[in-house]
Every structure is written in structure tokens, then in C-alpha cells.
>>> print(open('upload-v6.json').read())   # JSON, C-alpha atoms
[["chain", "number", "residue", "atom", "x", "y", "z"],
["A", 1, "MET", "CA", -27.37, -0.42, 18.90],
["A", 2, "PRO", "CA", -24.67, -0.42, 16.20],
["A", 3, "VAL", "CA", -24.80, 1.91, 13.22],
["A", 4, "LYS", "CA", -26.48, -0.09, 10.46],
["A", 5, "GLN", "CA", -24.35, 1.22, 7.60],
["A", 6, "VAL", "CA", -21.03, 3.00, 7.18],
["A", 7, "THR", "CA", -18.86, 3.94, 4.18],
["A", 8, "VAL", "CA", -15.09, 4.24, 4.44],
["A", 9, "LYS", "CA", -12.56, 5.72, 2.04],
["A", 10, "ALA", "CA", -9.14, 4.05, 2.02],
["A", 11, "PRO", "CA", -5.97, 5.16, 0.20],
["A", 12, "ALA", "CA", -3.62, 3.43, -2.18],
["A", 13, "THR", "CA", -0.24, 2.82, -0.60],
["A", 14, "SER", "CA", 3.32, 2.07, -1.67],
["A", 15, "ALA", "CA", 5.54, -0.21, 0.39],
["A", 16, "ASN", "CA", 9.33, -0.49, 0.73],
["A", 17, "LEU", "CA", 10.21, 2.87, -0.90],
["A", 18, "GLY", "CA", 13.52, 1.36, -1.96],
["A", 19, "PRO", "CA", 15.60, 0.36, 1.08],
["A", 20, "GLY", "CA", 12.73, -0.23, 3.55],
["A", 21, "PHE", "CA", 11.61, -3.74, 2.56],
["A", 22, "ASP", "CA", 8.64, -4.81, 4.72],
["A", 23, "VAL", "CA", 9.28, -1.79, 6.97],
["A", 24, "PHE", "CA", 8.43, 1.45, 5.10],
["A", 25, "GLY", "CA", 5.08, 2.47, 3.65],
["A", 26, "ILE", "CA", 3.41, 5.62, 2.40],
["A", 27, "ALA", "CA", -0.23, 6.51, 1.73],
["A", 28, "LEU", "CA", -1.18, 8.22, -1.52],
["A", 29, "GLU", "CA", -3.80, 10.91, -1.96],
["A", 30, "GLN", "CA", -5.08, 9.04, -5.02],
["A", 31, "PRO", "CA", -6.37, 6.52, -6.01],
["A", 32, "ASN", "CA", -8.77, 5.21, -3.34],
["A", 33, "ASP", "CA", -11.18, 2.41, -2.52],
["A", 34, "GLN", "CA", -14.62, 3.04, -1.07],
["A", 35, "VAL", "CA", -16.07, 0.31, 1.12],
["A", 36, "MET", "CA", -19.65, 0.23, 2.36],
["A", 37, "LEU", "CA", -20.53, -2.04, 5.28],
["A", 38, "SER", "CA", -24.13, -2.90, 6.13],
["A", 39, "THR", "CA", -25.43, -5.11, 8.91],
["A", 40, "ILE", "CA", -27.26, -8.31, 7.93],
["A", 41, "ARG", "CA", -28.65, -11.18, 9.97],
["A", 42, "GLU", "CA", -25.55, -13.39, 9.89],
["A", 43, "GLY", "CA", -22.40, -14.28, 7.98],
["A", 44, "VAL", "CA", -20.27, -12.16, 5.66],
["A", 45, "GLU", "CA", -21.43, -11.36, 2.13],
["A", 46, "MET", "CA", -19.03, -9.82, -0.39],
["A", 47, "GLN", "CA", -19.78, -7.54, -3.33],
["A", 48, "VAL", "CA", -17.03, -6.03, -5.48],
["A", 49, "SER", "CA", -17.29, -3.49, -8.29],
["A", 50, "GLY", "CA", -14.94, -1.12, -10.05],
["A", 51, "MET", "CA", -11.40, -1.69, -11.31],
["A", 52, "GLY", "CA", -10.40, -5.33, -11.66],
["A", 53, "ALA", "CA", -13.52, -6.48, -9.82],
["A", 54, "LYS", "CA", -13.78, -9.71, -11.82],
["A", 55, "THR", "CA", -10.37, -10.85, -10.56],
["A", 56, "ILE", "CA", -11.35, -10.58, -6.87],
["A", 57, "SER", "CA", -12.85, -13.50, -4.99],
["A", 58, "LEU", "CA", -16.26, -13.09, -3.35],
["A", 59, "ILE", "CA", -15.51, -15.89, -0.88],
["A", 60, "PRO", "CA", -14.81, -14.13, 2.42],
["A", 61, "GLU", "CA", -11.90, -16.40, 3.38],
["A", 62, "LYS", "CA", -10.19, -15.60, 0.07],
["A", 63, "ASN", "CA", -10.89, -11.87, 0.19],
["A", 64, "THR", "CA", -8.81, -9.47, 2.31],
["A", 65, "ALA", "CA", -11.86, -7.48, 3.39],
["A", 66, "GLY", "CA", -13.83, -10.64, 4.15],
["A", 67, "ARG", "CA", -11.08, -12.13, 6.30],
["A", 68, "VAL", "CA", -10.89, -8.98, 8.42],
["A", 69, "ALA", "CA", -14.66, -8.93, 8.90],
["A", 70, "GLU", "CA", -14.81, -12.58, 9.94],
["A", 71, "ALA", "CA", -11.96, -12.14, 12.43],
["A", 72, "MET", "CA", -13.49, -9.08, 14.06],
["A", 73, "ILE", "CA", -17.00, -10.56, 14.22],
["A", 74, "LYS", "CA", -15.56, -13.61, 15.99],
["A", 75, "ASP", "CA", -13.17, -11.82, 18.35],
["A", 76, "PHE", "CA", -15.66, -9.18, 19.48],
["A", 77, "LYS", "CA", -18.62, -11.59, 19.52],
["A", 78, "LEU", "CA", -20.68, -9.30, 17.34],
["A", 79, "LYS", "CA", -24.29, -10.44, 17.16],
["A", 80, "THR", "CA", -24.70, -9.64, 13.48],
["A", 81, "GLY", "CA", -23.45, -10.38, 10.01],
["A", 82, "LEU", "CA", -22.03, -7.94, 7.48],
["A", 83, "GLN", "CA", -22.53, -7.20, 3.82],
["A", 84, "ILE", "CA", -19.41, -5.59, 2.38],
["A", 85, "HIS", "CA", -19.46, -3.71, -0.91],
["A", 86, "VAL", "CA", -16.01, -2.78, -2.17],
["A", 87, "GLU", "CA", -15.84, -0.18, -4.92],
["A", 88, "LYS", "CA", -12.32, -0.61, -6.29],
["A", 89, "GLY", "CA", -10.59, 2.56, -7.33],
["A", 90, "ILE", "CA", -7.19, 0.94, -6.85],
["A", 91, "PHE", "CA", -6.43, -1.61, -9.54],
["A", 92, "PRO", "CA", -5.52, -4.98, -7.94],
["A", 93, "GLY", "CA", -2.12, -6.57, -8.46],
["A", 94, "LYS", "CA", -0.21, -3.41, -9.41],
["A", 95, "GLY", "CA", 1.82, -2.87, -6.25],
["A", 96, "LEU", "CA", -0.31, -0.03, -4.87],
["A", 97, "GLY", "CA", -1.79, -1.74, -1.83],
["A", 98, "SER", "CA", -5.16, -2.57, -3.34],
["A", 99, "SER", "CA", -5.78, -5.46, -0.95],
["A", 100, "ALA", "CA", -4.52, -3.43, 2.02],
["A", 101, "ALA", "CA", -6.96, -0.60, 1.29],
["A", 102, "SER", "CA", -9.96, -2.93, 1.40],
["A", 103, "ALA", "CA", -8.70, -4.60, 4.58],
["A", 104, "ALA", "CA", -8.00, -1.31, 6.34],
["A", 105, "ALA", "CA", -11.38, 0.12, 5.32],
["A", 106, "VAL", "CA", -13.23, -2.82, 6.85],
["A", 107, "ALA", "CA", -11.27, -2.62, 10.10],
["A", 108, "VAL", "CA", -11.99, 1.11, 10.39],
["A", 109, "GLY", "CA", -15.61, 0.61, 9.38],
["A", 110, "ILE", "CA", -16.34, -2.11, 11.94],
["A", 111, "ASN", "CA", -14.59, -0.09, 14.64],
["A", 112, "THR", "CA", -16.92, 2.81, 13.87],
["A", 113, "MET", "CA", -20.11, 0.78, 13.48],
["A", 114, "PHE", "CA", -19.78, -1.01, 16.78],
["A", 115, "GLU", "CA", -17.95, 1.73, 18.72],
["A", 116, "LEU", "CA", -15.11, -0.63, 19.61],
["A", 117, "GLY", "CA", -12.68, 2.17, 20.43],
["A", 118, "LEU", "CA", -9.70, 0.44, 18.84],
["A", 119, "SER", "CA", -6.36, 2.22, 18.44],
["A", 120, "ASN", "CA", -4.60, 2.49, 15.09],
["A", 121, "LYS", "CA", -2.23, -0.24, 16.24],
["A", 122, "GLN", "CA", -5.14, -2.59, 16.94],
["A", 123, "LEU", "CA", -6.76, -1.73, 13.60],
["A", 124, "ILE", "CA", -3.48, -2.54, 11.82],
["A", 125, "VAL", "CA", -3.30, -5.94, 13.52],
["A", 126, "TYR", "CA", -6.75, -6.82, 12.15],
["A", 127, "ALA", "CA", -6.14, -5.33, 8.72],
["A", 128, "ALA", "CA", -2.92, -7.35, 8.43],
["A", 129, "LYS", "CA", -4.93, -10.55, 8.91],
["A", 130, "GLY", "CA", -6.60, -9.78, 5.61],
["A", 131, "GLU", "CA", -3.27, -9.72, 3.75],
["A", 132, "VAL", "CA", -3.01, -13.49, 4.15],
["A", 133, "ALA", "CA", -5.62, -13.77, 1.39],
["A", 134, "SER", "CA", -3.46, -11.92, -1.14],
["A", 135, "ALA", "CA", 0.15, -12.22, 0.02],
["A", 136, "GLY", "CA", 0.15, -15.36, 2.13],
["A", 137, "SER", "CA", 1.34, -13.57, 5.28],
["A", 138, "GLU", "CA", 0.28, -10.88, 7.75],
["A", 139, "HIS", "CA", 2.68, -8.20, 6.52],
["A", 140, "ALA", "CA", 1.82, -4.77, 7.86],
["A", 141, "ASP", "CA", 3.63, -2.18, 5.74],
["A", 142, "ASN", "CA", 0.77, -1.39, 3.37],
["A", 143, "VAL", "CA", -2.03, -1.73, 5.91],
["A", 144, "SER", "CA", -0.17, 0.49, 8.39],
["A", 145, "ALA", "CA", 0.01, 3.27, 5.81],
["A", 146, "ALA", "CA", -3.61, 2.66, 4.80],
["A", 147, "VAL", "CA", -4.78, 3.03, 8.41],
["A", 148, "CYS", "CA", -2.47, 5.83, 9.58],
["A", 149, "GLY", "CA", -1.76, 7.81, 6.41],
["A", 150, "ASN", "CA", 1.44, 9.65, 5.45],
["A", 151, "PHE", "CA", 4.71, 7.74, 6.11],
["A", 152, "VAL", "CA", 4.97, 4.73, 8.40],
["A", 153, "LEU", "CA", 7.86, 2.59, 9.49],
["A", 154, "ILE", "CA", 7.48, -0.64, 11.39],
["A", 155, "ARG", "CA", 9.91, -0.62, 14.32],
["A", 156, "SER", "CA", 8.90, -4.12, 15.42],
["A", 157, "TYR", "CA", 6.57, -6.88, 14.24],
["A", 158, "HIS", "CA", 6.59, -8.84, 17.53],
["A", 159, "PRO", "CA", 5.19, -6.94, 19.29],
["A", 160, "LEU", "CA", 3.87, -4.64, 16.59],
["A", 161, "GLU", "CA", 5.21, -1.10, 16.93],
["A", 162, "ILE", "CA", 4.57, 1.57, 14.30],
["A", 163, "ILE", "CA", 6.12, 5.01, 13.90],
["A", 164, "ASN", "CA", 3.94, 7.39, 11.89],
["A", 165, "LEU", "CA", 5.49, 10.58, 10.48],
["A", 166, "GLU", "CA", 4.07, 13.46, 8.45],
["A", 167, "CYS", "CA", 5.32, 13.86, 4.89],
["A", 168, "PRO", "CA", 7.00, 17.11, 3.84],
["A", 169, "LYS", "CA", 4.61, 19.62, 2.26],
["A", 170, "ASP", "CA", 6.81, 19.88, -0.82],
["A", 171, "MET", "CA", 6.72, 16.14, -1.53],
["A", 172, "GLU", "CA", 4.91, 14.92, -4.62],
["A", 173, "LEU", "CA", 4.90, 11.51, -6.23],
["A", 174, "ALA", "CA", 4.63, 10.10, -9.74],
["A", 175, "VAL", "CA", 3.31, 6.60, -10.39],
["A", 176, "ALA", "CA", 3.34, 4.54, -13.58],
["A", 177, "MET", "CA", 1.43, 1.26, -13.93],
["A", 178, "PRO", "CA", 2.21, -0.98, -16.93],
["A", 179, "LYS", "CA", -0.83, -2.58, -18.52],
["A", 180, "ILE", "CA", 0.27, -6.16, -18.11],
["A", 181, "ILE", "CA", -1.56, -9.17, -16.71],
["A", 182, "THR", "CA", -0.33, -10.08, -13.26],
["A", 183, "PRO", "CA", -0.93, -13.55, -11.75],
["A", 184, "PRO", "CA", -3.17, -13.89, -8.67],
["A", 185, "ASN", "CA", -0.15, -14.92, -6.56],
["A", 186, "LYS", "CA", 2.05, -12.13, -7.89],
["A", 187, "THR", "CA", 3.12, -10.92, -4.45],
["A", 188, "GLU", "CA", 4.16, -14.41, -3.34],
["A", 189, "LYS", "CA", 6.25, -14.81, -6.51],
["A", 190, "ALA", "CA", 7.88, -11.43, -5.97],
["A", 191, "ARG", "CA", 8.74, -12.42, -2.40],
["A", 192, "ALA", "CA", 10.16, -15.73, -3.59],
["A", 193, "VAL", "CA", 12.99, -14.02, -5.52],
["A", 194, "VAL", "CA", 14.16, -12.00, -2.52],
["A", 195, "PRO", "CA", 17.68, -13.21, -1.56],
["A", 196, "LYS", "CA", 17.91, -15.15, 1.70],
["A", 197, "LEU", "CA", 21.58, -14.34, 2.31],
["A", 198, "VAL", "CA", 22.89, -10.79, 1.93],
["A", 199, "PRO", "CA", 26.56, -9.71, 1.70],
["A", 200, "LEU", "CA", 27.59, -7.37, 4.50],
["A", 201, "GLU", "CA", 28.40, -4.50, 2.12],
["A", 202, "LYS", "CA", 24.88, -4.61, 0.63],
["A", 203, "HIS", "CA", 23.36, -4.66, 4.08],
["A", 204, "VAL", "CA", 25.40, -1.60, 5.07],
["A", 205, "PHE", "CA", 24.44, 0.18, 1.84],
["A", 206, "ASN", "CA", 20.71, -0.39, 2.43],
["A", 207, "LEU", "CA", 20.91, 0.41, 6.11],
["A", 208, "SER", "CA", 22.52, 3.79, 5.43],
["A", 209, "ARG", "CA", 19.82, 4.69, 2.88],
["A", 210, "ALA", "CA", 16.97, 3.51, 5.11],
["A", 211, "VAL", "CA", 18.24, 5.47, 8.09],
["A", 212, "ALA", "CA", 18.73, 8.57, 5.94],
["A", 213, "MET", "CA", 15.21, 8.25, 4.51],
["A", 214, "ALA", "CA", 13.66, 7.99, 7.98],
["A", 215, "ALA", "CA", 15.71, 11.02, 9.06],
["A", 216, "GLY", "CA", 14.49, 12.88, 5.98],
["A", 217, "PHE", "CA", 10.86, 12.34, 7.00],
["A", 218, "ALA", "CA", 11.64, 13.38, 10.58],
["A", 219, "MET", "CA", 13.33, 16.57, 9.32],
["A", 220, "GLY", "CA", 10.82, 17.25, 6.55],
["A", 221, "ASP", "CA", 13.56, 17.16, 3.90],
["A", 222, "VAL", "CA", 12.24, 15.92, 0.54],
["A", 223, "ASP", "CA", 15.67, 15.88, -1.09],
["A", 224, "ILE", "CA", 17.16, 13.52, 1.49],
["A", 225, "ILE", "CA", 14.13, 11.24, 1.23],
["A", 226, "GLY", "CA", 14.26, 11.06, -2.56],
["A", 227, "LYS", "CA", 18.01, 10.59, -2.82],
["A", 228, "SER", "CA", 17.80, 7.74, -0.29],
["A", 229, "MET", "CA", 15.29, 5.85, -2.44],
["A", 230, "VAL", "CA", 17.85, 3.25, -3.51],
["A", 231, "ASP", "CA", 17.80, -0.48, -2.81],
["A", 232, "ASP", "CA", 20.77, -2.79, -3.39],
["A", 233, "ILE", "CA", 19.16, -6.00, -2.12],
["A", 234, "VAL", "CA", 15.53, -6.62, -3.10],
["A", 235, "GLU", "CA", 15.09, -4.38, -6.15],
["A", 236, "PRO", "CA", 17.92, -5.90, -8.22],
["A", 237, "ALA", "CA", 16.28, -9.31, -7.74],
["A", 238, "ARG", "CA", 12.85, -8.01, -8.72],
["A", 239, "ALA", "CA", 13.85, -5.72, -11.58],
["A", 240, "SER", "CA", 13.45, -8.50, -14.14],
["A", 241, "LEU", "CA", 9.80, -8.88, -13.08],
["A", 242, "VAL", "CA", 9.06, -5.30, -14.21],
["A", 243, "PRO", "CA", 9.14, -4.91, -18.01],
["A", 244, "GLY", "CA", 10.94, -1.71, -18.95],
["A", 245, "TYR", "CA", 12.34, -1.19, -15.45],
["A", 246, "THR", "CA", 15.65, 0.32, -16.53],
["A", 247, "GLN", "CA", 14.16, 2.73, -19.06],
["A", 248, "VAL", "CA", 11.40, 3.87, -16.70],
["A", 249, "ARG", "CA", 13.94, 4.55, -13.97],
["A", 250, "GLU", "CA", 16.24, 6.50, -16.27],
["A", 251, "ASN", "CA", 13.36, 8.52, -17.70],
["A", 252, "ALA", "CA", 12.09, 9.46, -14.23],
["A", 253, "LEU", "CA", 15.48, 10.65, -13.02],
["A", 254, "ASN", "CA", 16.14, 12.57, -16.25],
["A", 255, "ALA", "CA", 12.73, 14.26, -15.89],
["A", 256, "GLY", "CA", 13.55, 15.59, -12.43],
["A", 257, "ALA", "CA", 12.72, 12.81, -9.96],
["A", 258, "LEU", "CA", 14.89, 12.69, -6.85],
["A", 259, "GLY", "CA", 14.45, 8.93, -6.61],
["A", 260, "VAL", "CA", 12.48, 6.14, -8.24],
["A", 261, "THR", "CA", 11.79, 2.55, -7.26],
["A", 262, "ILE", "CA", 9.44, -0.40, -7.70],
["A", 263, "SER", "CA", 6.22, 0.16, -5.77],
["A", 264, "GLY", "CA", 5.76, -2.73, -3.39],
["A", 265, "ALA", "CA", 5.91, -6.00, -5.27],
["A", 266, "GLY", "CA", 5.39, -4.16, -8.58],
["A", 267, "PRO", "CA", 4.95, -3.91, -11.46],
["A", 268, "SER", "CA", 4.12, -0.24, -10.83],
["A", 269, "MET", "CA", 7.00, 2.16, -10.25],
["A", 270, "ILE", "CA", 6.93, 5.24, -8.05],
["A", 271, "ALA", "CA", 9.08, 8.37, -7.95],
["A", 272, "ILE", "CA", 9.55, 11.17, -5.41],
["A", 273, "ILE", "CA", 9.67, 14.79, -6.55],
["A", 274, "ASN", "CA", 10.28, 18.07, -4.75],
["A", 275, "ARG", "CA", 7.61, 20.37, -6.15],
["A", 276, "ARG", "CA", 9.95, 23.35, -5.72],
["A", 277, "THR", "CA", 12.47, 21.90, -8.16],
["A", 278, "GLY", "CA", 10.50, 19.41, -10.24],
["A", 279, "ASP", "CA", 7.16, 18.65, -11.89],
["A", 280, "ALA", "CA", 5.46, 15.41, -10.86],
["A", 281, "SER", "CA", 3.20, 15.39, -13.93],
["A", 282, "LYS", "CA", 6.27, 15.67, -16.18],
["A", 283, "VAL", "CA", 7.95, 12.80, -14.35],
["A", 284, "ALA", "CA", 4.80, 10.66, -14.63],
["A", 285, "ALA", "CA", 4.66, 11.27, -18.38],
["A", 286, "ALA", "CA", 8.33, 10.33, -18.72],
["A", 287, "MET", "CA", 7.74, 7.11, -16.81],
["A", 288, "ARG", "CA", 4.84, 6.22, -19.07],
["A", 289, "GLU", "CA", 7.07, 6.82, -22.08],
["A", 290, "GLY", "CA", 9.66, 4.53, -20.52],
["A", 291, "PHE", "CA", 7.19, 1.67, -20.41],
["A", 292, "GLN", "CA", 5.94, 2.47, -23.91],
["A", 293, "SER", "CA", 9.45, 2.49, -25.36],
["A", 294, "SER", "CA", 9.85, -1.00, -23.93],
["A", 295, "GLY", "CA", 6.71, -2.19, -25.72],
["A", 296, "TYR", "CA", 4.15, -1.83, -22.91],
["A", 297, "ASP", "CA", 1.35, 0.67, -22.55],
["A", 298, "ALA", "CA", 0.94, 2.19, -19.11],
["A", 299, "ASP", "CA", -1.19, 4.48, -16.98],
["A", 300, "ALA", "CA", 0.67, 7.21, -15.14],
["A", 301, "PHE", "CA", -0.33, 9.99, -12.77],
["A", 302, "ALA", "CA", 0.96, 12.53, -10.29],
["A", 303, "THR", "CA", -0.25, 12.50, -6.70],
["A", 304, "LYS", "CA", 0.70, 13.55, -3.17],
["A", 305, "PRO", "CA", 1.02, 11.78, 0.17],
["A", 306, "GLY", "CA", -2.41, 11.00, 1.58],
["A", 307, "LYS", "CA", -4.20, 10.51, 4.86],
["A", 308, "GLY", "CA", -5.38, 7.25, 6.34],
["A", 309, "SER", "CA", -8.74, 5.51, 6.00],
["A", 310, "TYR", "CA", -11.70, 7.52, 7.24],
["A", 311, "VAL", "CA", -15.48, 7.39, 7.40],
["A", 312, "ILE", "CA", -17.24, 9.41, 4.69],
["A", 313, "GLY", "CA", -20.83, 8.39, 5.43],
["A", 314, "ARG", "CA", -23.03, 6.58, 7.91]]
>>> encode(input="upload-v6.json", output="C-alpha cells")
Amino acid sequence: MPVKQVTVKAPATSANLGPGFDVFGIALEQPNDQVMLSTIREGVEMQVSGMGAKTISLIPEKNTAGRVAEAMIKDFKLKTGLQIHVEKGIFPGKGLGSSAASAAAVAVGINTMFELGLSNKQLIVYAAKGEVASAGSEHADNVSAAVCGNFVLIRSYHPLEIINLECPKDMELAVAMPKIITPPNKTEKARAVVPKLVPLEKHVFNLSRAVAMAAGFAMGDVDIIGKSMVDDIVEPARASLVPGYTQVRENALNAGALGVTISGAGPSMIAIINRRTGDASKVAAAMREGFQSSGYDADAFATKPGKGSYVIGR
């Protein structure tokens, strides 16, 4: 008999990290979503509370968590329905993997409830199905980080191959989220401005930074990681979508950040700090001031790399 109820905690994530568009992702220690799954007679019922709950659809097909549940119930021929209660601690539409957290939590929760024995790779495949509801495609950067934790890079999409690396112990992060209204299809709009043709010199520039960043994680070198957080292709096209982008970036670097970039599709921005040489809380405050000086209030906080989704109750 399956477990009748399980609660999963899933982390916020940041995708791209500058040069790693659709390839790099990192899990954050905070904030988090908590998702409770309970068996019911049939179907999928959605409940959402917490941050931005009113903006999230309760129709399973239009909800990242609901889509994952429906796919897994069908594929594994589960003889039950599920009620899913999502307590949002990650504000939707800010570029911090809010939809990915809910999707990953459901995949992990169903795997636990029904003892399916799925690998992280299989869980990522199902969690990515949920991203269609928010981003229009099964992109796996955020959900990979939400399932695995720490730093992930996607070596291949077809077939899916993920490399998961530990983050250096001295790495800290600062995040600033402007208080602006983002449209429901924000991610699709942000993807629409990405250039389709890239000059060779820009490709070489990004490739060198991406390779150096991956090497930095492999070596445990925060300074190399932070200094490689530069994108010459996607970020210049998206900068205009983030109010105060230039000032926030300058403030972060002046306050001691090694690197700063747009988090995912934005509008949040994220910075990397070596705790031995910098203060993440100071950088976060400077980033908030950058948004404020541009006429926008913002929330900002310091955090650390986090672990993947895990069961906290059953």
C-alpha cells in the first residue's frame, strides 16, 4: 500500500549563471516551497497558498505541479488520485525557479509515496514536463538543480545527461528581487528576445567563461566561478527587461561581489561572493539600493547553495 501522505521541501534555483544559458543551474538554501501530497479517490486536485498564490492556476494542466502528477499517475498506472497542496515560499515570476520547485517536489513526493525507485535523472525528466505550464517547453536547468541540489550542468538534452557538482564551502550568494508586476508568460517573452544568430567572437567569449565556471566548481574555486559569471549573448538582450539592471550590477560589484547576473529569466539578479573576502548581506543591501535608486523597491537577501528536494514528513 502506498504512503497516504507525504510532504516535500524544494529549493529555489537560479538558472544560466551568466554564460550557461539553458545549461547551468544552482539550488539555493533559501527560499523554499513545501508541497504536501495526499491520496484521494481519483483525479488531481490543486491547492495553493503562500506567496503569489492568487496568480497560480488551480487547473492541473496549467499548473507545473499538476502536470507532473498527471503524467506520473498515467505512466505508472497508479490506482489513485492526488490532492496537492503547494505552500509557496518562492515568489512566482521572479526568476528563482518557483515553478521548478513545485514540479520537482511532486516528482520526489510521488516517487516516495509509491516506492517507484526512480533515479534523479528520471525525476528530472518528469519534473521538466511540468515546466511546459510556465515556460512553454521542457527545459531542465531549474528542475535539475531543484532535484539534485548544488550546481548542475546539462551535458545533453537528448538523451538527458546531468553532471552534478558540489559548491565550494566558501560560496555565498546575494539575491535582489524588484517589486514589479511580471506577466504570466514572462519566461516566454524573455526567451523571445534571445538572439538566434551569434557572432563567432561572442560565442568564443561565452564558451571560455562557461568552461572556466564549470572548472571552478570542479576545483572548488569560488573566485574563478564568480569572475566567470559574465554573459555576452543572452544577458545584453535581456538587460532592458530588468529595471535598474546597470545600477544593480555596479552596486553589487562595488560592494564586493565576484560576479553578478540576471537570475534565470529575471527580473531578480544574483551575485556570487567569497565569504572569506566579501559579505553577502552587504552585497544584497547594495543590490536593493541599486533597484531603489532606479525607482523600484526590492527585496534582497543573502543565502548559500542548497540541497535538492527532500521529504520532511510522511
>>> atom_distance(input="upload-v6.json", atom1="CA of Thr80 in chain A", atom2="CA of Ala107 in chain A")
15.5 Å
>>> residues_around(input="upload-v6.json", residues="range 303-313 of chain A", least_positions_apart="4", cutoff="6 Å", atoms="all atoms listed in the file", output="JSON list (two decimals) with C-alpha atoms, keeping the file's coordinate frame")
[["chain", "number", "residue", "atom", "x", "y", "z"],
["A", 6, "VAL", "CA", -21.03, 3.00, 7.18],
["A", 7, "THR", "CA", -18.86, 3.94, 4.18],
["A", 8, "VAL", "CA", -15.09, 4.24, 4.44],
["A", 9, "LYS", "CA", -12.56, 5.72, 2.04],
["A", 10, "ALA", "CA", -9.14, 4.05, 2.02],
["A", 27, "ALA", "CA", -0.23, 6.51, 1.73],
["A", 28, "LEU", "CA", -1.18, 8.22, -1.52],
["A", 29, "GLU", "CA", -3.80, 10.91, -1.96],
["A", 146, "ALA", "CA", -3.61, 2.66, 4.80],
["A", 147, "VAL", "CA", -4.78, 3.03, 8.41],
["A", 148, "CYS", "CA", -2.47, 5.83, 9.58],
["A", 149, "GLY", "CA", -1.76, 7.81, 6.41],
["A", 150, "ASN", "CA", 1.44, 9.65, 5.45],
["A", 172, "GLU", "CA", 4.91, 14.92, -4.62],
["A", 173, "LEU", "CA", 4.90, 11.51, -6.23]]
>>> atom_distance(input="upload-v6.json", atom1="CA of Val35 in chain A", atom2="CA of Pro11 in chain A")
11.2 Å
>>> residues_around(input="upload-v6.json", residues="Gly20 in chain A", least_positions_apart="2", cutoff="9 Å", atoms="all atoms listed in the file", output="MDAnalysis selection string")
chainID A and resid 15:18 22:25 153 206:207 209:210 213 229 231
>>> residues_around(input="upload-v6.json", residues="range 122-129 of chain A", least_positions_apart="6", cutoff="12 Å", atoms="only C-alpha atoms", output="ChimeraX atom specification")
/A:10,61-76,97,99-112,116,135-149,152,154,157-162,308-309
>>> atom_distance(input="upload-v6.json", atom1="CA of Lys88 in chain A", atom2="CA of Gln30 in chain A")
12.1 Å
>>> residues_around(input="upload-v6.json", residues="Phe205 in chain A", least_positions_apart="3", cutoff="10 Å", atoms="all atoms listed in the file", output="count of residues only")
11
>>> closest_residue(input="upload-v6.json", among="A:Arg314, A:Arg275, A:Lys77, A:Lys169", to="Ala302 in chain A", atoms="only C-alpha atoms")
A:Arg275
>>> residues_around(input="upload-v6.json", residues="Ala176 in chain A", least_positions_apart="2", cutoff="9 Å", atoms="all atoms listed in the file", output="list of chain:residue names")
A:Ala174, A:Pro178, A:Val248, A:Pro267, A:Ser268, A:Met269, A:Ile270, A:Ala271, A:Ala284, A:Ala285, A:Met287, A:Arg288, A:Phe291, A:Ala298, A:Asp299, A:Ala300, A:Phe301, A:Ala302
>>> axis_aligned_box(input="upload-v6.json", around="range 54-61 of chain A", padding_each_side="5 Å", output="JSON")
{"center_x": -13.3, "center_y": -13.1, "center_z": -4.2, "size_x": 15.9, "size_y": 16.7, "size_z": 25.2}
>>> closest_residue(input="upload-v6.json", among="A:Ala214, A:Val283, A:Met113, A:Ile181", to="Arg155 in chain A", atoms="all atoms listed in the file")
A:Ala214
>>> closest_residue(input="upload-v6.json", among="A:Asn120, A:Thr277, A:Ser293, A:Ser98", to="Ala265 in chain A", atoms="all atoms listed in the file")
A:Ser98
>>> closest_residue(input="upload-v6.json", among="A:Gly264, A:Gly52, A:Ala218, A:Val175", to="Ile163 in chain A", atoms="only C-alpha atoms")
A:Ala218
>>> closest_residue(input="upload-v6.json", among="A:Gly266, A:Gly50, A:Pro236, A:Pro60", to="Ser14 in chain A", atoms="all atoms listed in the file")
A:Gly266
